[in-house]
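Before any comments, here is the structure.
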Amino acid sequence: QQQAWPDLLIEPKTWANSALTGNDQYVDLSRLGLKFFTEKLKERQLTLEAGLESLEEKLEAKDPEAIKAAGVLKEQWRESIGKDGDAWRPLLQEALERAAKKGGPTSVGLCGNPSYLGGCSGTDITDQVLELLAADKKFLKATGKL
């Protein structure tokens with residue numbers, strides 16, 4: 001007899017967005033990352049996976065030292081992603097400020113909470129922002145150097 005897969009009950013909760021040029025509107029962080037920073041994110045993920053792969057047998061055996069080492073690798077991965085975000089954030093802000101001077105959206109923040117988990121407060125303008133950033137040669141050049 002086959003067991004039914006349990007449904008996960010997650011109560012969606014709306015978050016405040018993280019201001020770039022304001023908070024009234026937002027861009028979805030995961031979609032932004034997939035559009036413009038995929039290669040860097042893949043590089044970070046591959047580094048993590050390579051480190052974990054060497055620990056795989058010991059992790060399966062629940063070796064405490066391997067578990068500790070895996071935790072260190074995961075923390076290094078988080079720190080790397082954080083540093084990448086710190087480098088990208090001012091470039092996003094500058095691009096949005098340039099766009100606003102030309103009639104683009106104002107008061108834009110980043111939303112790190114997926115819509116199925118409740119999204120963020122404000123208006124989602126992700127499509128519009130992705131289009132603007134894709135047309136911003138200065139933004140593309142600057143992020144290409146990271």
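Labels for the structure tokens follow display order: chains A, B, ..., residues from 1 in each chain, ligands from 1.
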List every residue of chain A that DSSP, applied to the backbone of this structure, assigns to helix (DSSP H, G or I), and report them as JSON, numbers by chain. {"A": [29, 30, 31, 32, 33, 34, 35, 36, 38, 39, 40, 41, 42, 43, 44, 45, 46, 47, 48, 49, 50, 51, 52, 53, 56, 57, 58, 59, 60, 64, 65, 66, 67, 68, 69, 70, 71, 72, 73, 74, 75, 76, 77, 78, 79, 80, 81, 82, 83, 84, 85, 86, 87, 88, 89, 90, 91, 92, 93, 94, 95, 96, 97, 98, 99, 100, 101, 115, 116, 117, 126, 127, 128, 129, 130, 131, 132, 133, 134, 135, 137, 138, 139, 140, 141, 142, 143, 144]}
Selection near range 26-30 of chain A, 12 Å with only C-alpha atoms, sequence-local residues under 4 positions removed, as a PyMOL selection string: chain A and resi 15-22+34-38+41+85+88-89+92-93+96+105-116+118-133
Put those residues in a file: C-alpha atoms, as a PDB file, in the first residue's frame.
```pdb
ATOM      1  CA  TRP A  15       7.701  40.662   4.743  1.00  0.00           C
ATOM      2  CA  ALA A  16       8.907  44.225   4.508  1.00  0.00           C
ATOM      3  CA  ASN A  17      11.202  44.644   1.547  1.00  0.00           C
ATOM      4  CA  SER A  18      14.804  45.813   1.826  1.00  0.00           C
ATOM      5  CA  ALA A  19      14.995  49.366   0.501  1.00  0.00           C
ATOM      6  CA  LEU A  20      17.197  50.233  -2.443  1.00  0.00           C
ATOM      7  CA  THR A  21      15.602  53.539  -3.456  1.00  0.00           C
ATOM      8  CA  GLY A  22      12.552  53.138  -1.202  1.00  0.00           C
ATOM      9  CA  LEU A  34      18.379  34.132 -11.890  1.00  0.00           C
ATOM     10  CA  LYS A  35      18.323  36.815 -14.575  1.00  0.00           C
ATOM     11  CA  PHE A  36      21.613  38.589 -13.887  1.00  0.00           C
ATOM     12  CA  PHE A  37      23.737  36.601 -11.466  1.00  0.00           C
ATOM     13  CA  THR A  38      23.184  32.973 -12.456  1.00  0.00           C
ATOM     14  CA  LEU A  41      25.513  31.738  -8.042  1.00  0.00           C
ATOM     15  CA  GLY A  85      24.989  40.672  -2.465  1.00  0.00           C
ATOM     16  CA  TRP A  88      25.637  43.909  -6.279  1.00  0.00           C
ATOM     17  CA  ARG A  89      23.440  46.083  -4.057  1.00  0.00           C
ATOM     18  CA  LEU A  92      21.310  47.888  -8.403  1.00  0.00           C
ATOM     19  CA  GLN A  93      20.671  51.068  -6.476  1.00  0.00           C
ATOM     20  CA  LEU A  96      17.437  52.243 -10.310  1.00  0.00           C
ATOM     21  CA  PRO A 105      10.103  53.399 -11.079  1.00  0.00           C
ATOM     22  CA  THR A 106      10.915  55.115  -7.827  1.00  0.00           C
ATOM     23  CA  SER A 107      10.884  53.826  -4.268  1.00  0.00           C
ATOM     24  CA  VAL A 108      12.041  50.285  -5.077  1.00  0.00           C
ATOM     25  CA  GLY A 109      13.246  47.626  -2.666  1.00  0.00           C
ATOM     26  CA  LEU A 110      14.320  43.993  -2.814  1.00  0.00           C
ATOM     27  CA  CYS A 111      11.996  41.189  -1.758  1.00  0.00           C
ATOM     28  CA  GLY A 112      13.660  38.029  -0.507  1.00  0.00           C
ATOM     29  CA  ASN A 113      10.384  36.273   0.318  1.00  0.00           C
ATOM     30  CA  PRO A 114       8.853  34.257  -2.553  1.00  0.00           C
ATOM     31  CA  SER A 115       5.261  35.131  -3.440  1.00  0.00           C
ATOM     32  CA  TYR A 116       4.039  31.640  -2.473  1.00  0.00           C
ATOM     33  CA  GLY A 118       3.633  35.730   1.194  1.00  0.00           C
ATOM     34  CA  GLY A 119       5.934  38.015  -0.789  1.00  0.00           C
ATOM     35  CA  CYS A 120       6.663  41.517   0.430  1.00  0.00           C
ATOM     36  CA  SER A 121       4.673  44.623   1.176  1.00  0.00           C
ATOM     37  CA  GLY A 122       4.348  47.022  -1.721  1.00  0.00           C
ATOM     38  CA  THR A 123       3.794  46.524  -5.421  1.00  0.00           C
ATOM     39  CA  ASP A 124       5.707  43.849  -7.319  1.00  0.00           C
ATOM     40  CA  ILE A 125       7.388  45.515 -10.320  1.00  0.00           C
ATOM     41  CA  THR A 126       9.911  42.759 -10.990  1.00  0.00           C
ATOM     42  CA  ASP A 127       9.148  42.461 -14.718  1.00  0.00           C
ATOM     43  CA  GLN A 128       9.574  46.195 -15.265  1.00  0.00           C
ATOM     44  CA  VAL A 129      12.829  46.359 -13.274  1.00  0.00           C
ATOM     45  CA  LEU A 130      14.323  43.322 -15.019  1.00  0.00           C
ATOM     46  CA  GLU A 131      13.583  44.954 -18.366  1.00  0.00           C
ATOM     47  CA  LEU A 132      15.185  48.238 -17.286  1.00  0.00           C
ATOM     48  CA  LEU A 133      18.288  46.522 -15.934  1.00  0.00           C
TER      49      LEU A 133
END
```
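Ranking A:Ala4, A:Lys40, A:Ala134, A:Ile67 by their shortest atom-to-atom distance to Leu55 in chain A, with only C-alpha atoms included, puts A:Ile67 first.
Note that the spacing between CA of Lys101 in chain A and CA of Ala142 in chain A amounts to 19.3 Å.
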Between CA of Glu49 in chain A and CA of Leu140 in chain A - distance in Å to one decimal: 28.1 Å
As a list in words, please: all residues of range 7-139 of chain A that backbone DSSP puts in strand (DSSP E). Ser18, Ala19, Gln25, Tyr26, Val27, Asp28, Val108, Gly109, Leu110, Cys111, Thr123 and Asp124 of chain A
